[in-house]
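Asker: Below is one structure. I have some questions about it.
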Amino acid sequence: MQIFHRSTNTLSRATIYGAIFVVAALFWAAAEIQRSPYVTYAGVRRPQPVPFSHQHHVAGLGIDCRYCHTSVETSSFAGIPPTKTCMNCHAQIWTNAALLEPVRESYKSGKSLVWTRVNDLPDFAYFNHSIHINKGVGCNTCHGPVDRMPLMYNQASLQMEWCLECHRAPEKHLRPRDQVFNMRYEEPSESKPVEVDGKPYTDQVSLGTDLVKKYKLRTVTDITSCSTCHR
Amino acid sequence: MLFTAFVALAGCRQDMHDQPRFKPFARSDFYTDLRSARPPVEGTVARGQLREDSYLYTGKLGNDPGDYLPFPVTEELLARGQQRYDIYCAPCHSRVGDGNGVIVARGFPRKPPSYHIERLRQAPLGYFFDVITNGYGSMTDYATQIAPRDRWAIVAYIRALQLSQAATSADVPAGQKVPSDPPQFEELGSGATPPVVETKPARHSAQEEPK
């Protein structure tokens with residue numbers, strides 16, 4: 001007696017080959033989820049004790065990054081300002097604003113404001129701000145347009161493939177040191193050349209290649225070796 | 001297959017990702033103030049931070065402010081001073097030092113004085129250093145934000161600003177010419193207020209045109 005219909009033959013063949021695609025699709029989905037903001041939090045505005053606006057303070061008022069993040073040029077950690085830095089100005093302006101009540105409370109009581117870390121690298125990765133700043137990596141190269149962020153979020157995935165993208169070809173991202181803190185810096189172009197030591201550059205790669213030499217970057221082999229970041 | 005995947009994923013943990021160590025300024029539940037960053041024991045002197053030269057750190061000789069820089073003034077130092085001034089001082093004092101900074105314009109009850117008033121033009125250099133270090137009036141201290149050497153660089157730059165605002169064509173070295181006429185302001189050093197519009201034809205037409 002024939003239990004299975006004739007079409008089952010085709011179906012069984014299709015299933016065997018189809019399994020390859022099913023497994024491939026699963027792997028693809030896993031990789032996509034791993035890179036998605038669900039895992040990386042990229043673009044996610046996390047709750048903070050005070051809805052501090054970088055857009056207002058940076059673009060609106062023109063305050064330099066280093067006014068608050070004082071140790072970024074000399075330390076591995078950029079520095080989160082103490083409440084006193086807020087009060088340098090807010091003891092004078094917006095002194096009754098309800099939004100700033102946690103700041104005043106923190107200043108009075110001496111208790112720290114508990115901010116949520118936004119750009120949080122995994123603990124097995126060693127990272128140092130000062131070396132990147134001093135070799136010509138702009139703030140917004142990694143942090144994105146902070147001057148257009150009313151609420152802070154991490155622009156990059158902060159995953160290893162993202163780090164390596166630059167470590168494998170630093171010349172594609174470097175800029176002159178005096179432009180590192182310029183949030184509106186534009187890469188050199190035909191219409192807007194960037195001048196370094198009197199020489200105008202019209203494309204990023206030739207500028208970057210010269211800056212790699214000028215700032216004495218280690219070789220790509222060095223900066224892509226495991227122990228550079230995993231110490 | 002799903003079962004295998006489930007078993008495999010159950011092995012995934014974040015222990016390497018979240019190691020039992022503190023990142024800078026991380027919260028600690030061990031200490032009552034919840035800070036993992038601990039202040040050094042009082043009286044601690046870190047290597048290289050012994051403050052032997054008291055003038056370098058206070059700007060004072062005895063109780064009075066001194067009127068010299070503890071190290072030579074170079075062009076690099078002034079450039080550094082300008083950069084640091086623009087970061088930390090310009091928000092209130094404005095880039096030309098007239099006290100019309102952008103933050104002040106947002107509603108300070110009292111604006112900071114212009115550097116170009118007689119009292120501050122006569123003030124010794126150590127006075128400015130002391131104000132940066134300890135604050136003055138409603139200005140808080142900037143000791144934690146600006147390192148001592150940078151404070152001196154700023155002091156040097158403030159003096160340069162003062163000199164520049166009161167400079168005359170006689171201060172220009174012989175053989176050099178001023179690229180353009182400086183704008184005329186209603187009040188000395190008021191870079192934040194728009195310059196007075198010249199109604200007369202070019203101001204230097206009466207003078208001899210340098211050839």
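FYI, nothing fancy with the structure tokens labels: chains A, B, ... in order, residues from 1 per chain, ligands from 1 as they appear.
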Show me a table, sorted first by chain and then by increasing residue number, of the residues of chain B having an atom at most 10 Å from chain A, each with its shortest atom pair and the distance in Å to one decimal, counting only C-alpha atoms and written as a tab-separated table.
Answerer:
```
residue	atom	partner	partner_atom	distance
B:Met1	CA	A:Val23	CA	9.6
B:Gln14	CA	A:Pro122	CA	9.3
B:Asp15	CA	A:Asp123	CA	9.2
B:Met16	CA	A:Phe124	CA	6.2
B:His17	CA	A:Pro122	CA	4.8
B:Asp18	CA	A:Asp123	CA	5.7
B:Gln19	CA	A:Asp123	CA	6.0
B:Pro20	CA	A:Asp123	CA	9.1
B:Arg21	CA	A:Asp123	CA	8.4
B:Phe22	CA	A:Asp123	CA	9.4
B:Lys23	CA	A:Asp123	CA	8.4
B:Pro24	CA	A:Phe77	CA	7.0
B:Phe25	CA	A:Ile80	CA	7.9
B:Ala26	CA	A:Arg117	CA	8.8
B:Arg27	CA	A:Val114	CA	7.8
B:Asp33	CA	A:Lys111	CA	6.8
B:Leu34	CA	A:Ser112	CA	8.2
B:Arg35	CA	A:Ser112	CA	7.9
B:Gln83	CA	A:Asp178	CA	9.9
B:Arg84	CA	A:Tyr67	CA	9.2
B:Asp86	CA	A:Asp64	CA	8.2
B:Ile87	CA	A:Asp64	CA	5.5
B:Tyr88	CA	A:Tyr67	CA	5.7
B:Cys89	CA	A:Tyr67	CA	9.3
B:Ala90	CA	A:Ile63	CA	8.8
B:Pro91	CA	A:Ile63	CA	6.6
B:Cys92	CA	A:Cys89	CA	8.9
B:Gly101	CA	A:Leu61	CA	9.7
B:Val102	CA	A:Leu61	CA	6.5
B:Ile103	CA	A:Leu61	CA	7.0
B:Val104	CA	A:Ile93	CA	8.7
B:Arg106	CA	A:Ile93	CA	7.4
B:Gly107	CA	A:Ile93	CA	6.2
B:Phe108	CA	A:Gln92	CA	5.7
B:Pro109	CA	A:Gln92	CA	7.0
B:Arg110	CA	A:Gln92	CA	8.8
B:Ser138	CA	A:Gln92	CA	8.0
B:Met139	CA	A:Asn88	CA	7.1
B:Thr140	CA	A:Asn88	CA	5.8
B:Asp141	CA	A:Asn88	CA	8.4
B:Tyr142	CA	A:Thr85	CA	8.9
B:Thr144	CA	A:Thr70	CA	8.7
B:Gln145	CA	A:Thr70	CA	6.1
B:Ile146	CA	A:Thr70	CA	8.0
B:Ala147	CA	A:Thr70	CA	9.9
```
Asker: Need to verify the contact set: region 48-55 of chain B, 9 Å, only C-alpha atoms, exclusion of same-chain residues closer than 4 positions in sequence. Can you return it as JSON, numbers by chain?
Answerer: {"B": [59, 60, 61, 65, 66, 70, 126]}
Asker: Kindly give the distance, in Å, that separates CA of His143 (chain A) and CA of Val180 (chain A), rounded to a single decimal.
Answerer: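 The value is 12.0 Å.
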Asker: When you look at Val118 (chain A) with a cut-off of 12 Å (counting only C-alpha atoms), what residues show up, excluding the ones that are within fewer than 4 positions of it in the same chain? I need them as a ChimeraX atom specification.
Answerer: /A:40-48,80,143,151-158
Asker: Pick the closest to Asp130 (chain B) from B:Lys111, B:Arg38, B:Arg151, B:His116: which is it, counting only C-alpha atoms?
Answerer: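 With only C-alpha atoms as the atom set, the closest residue is B:Arg151.
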Asker: Could you find all residues in region 11-170 of chain A that DSSP calls alpha helix (DSSP H) from the backbone, and write them as a PyMOL selection string?
Answerer: chain A and resi 11-35+37-40+54+65-68+83-90+101-109+129-134+139-143+160-167
Asker: Pick out the closest residue to Phe128 (chain B) from this set: B:Leu77, B:Leu69, B:Cys12, B:Val178. Count only C-alpha atoms.
Answerer: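 Nearest candidate to Phe128 (chain B) out of B:Leu77, B:Leu69, B:Cys12, B:Val178: B:Leu69.
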Asker: I'd like the interatomic distance between CA of Ser109 (chain A) and CA of Pro112 (chain B), to a tenth of an Å.
Answerer: 28.2 Å
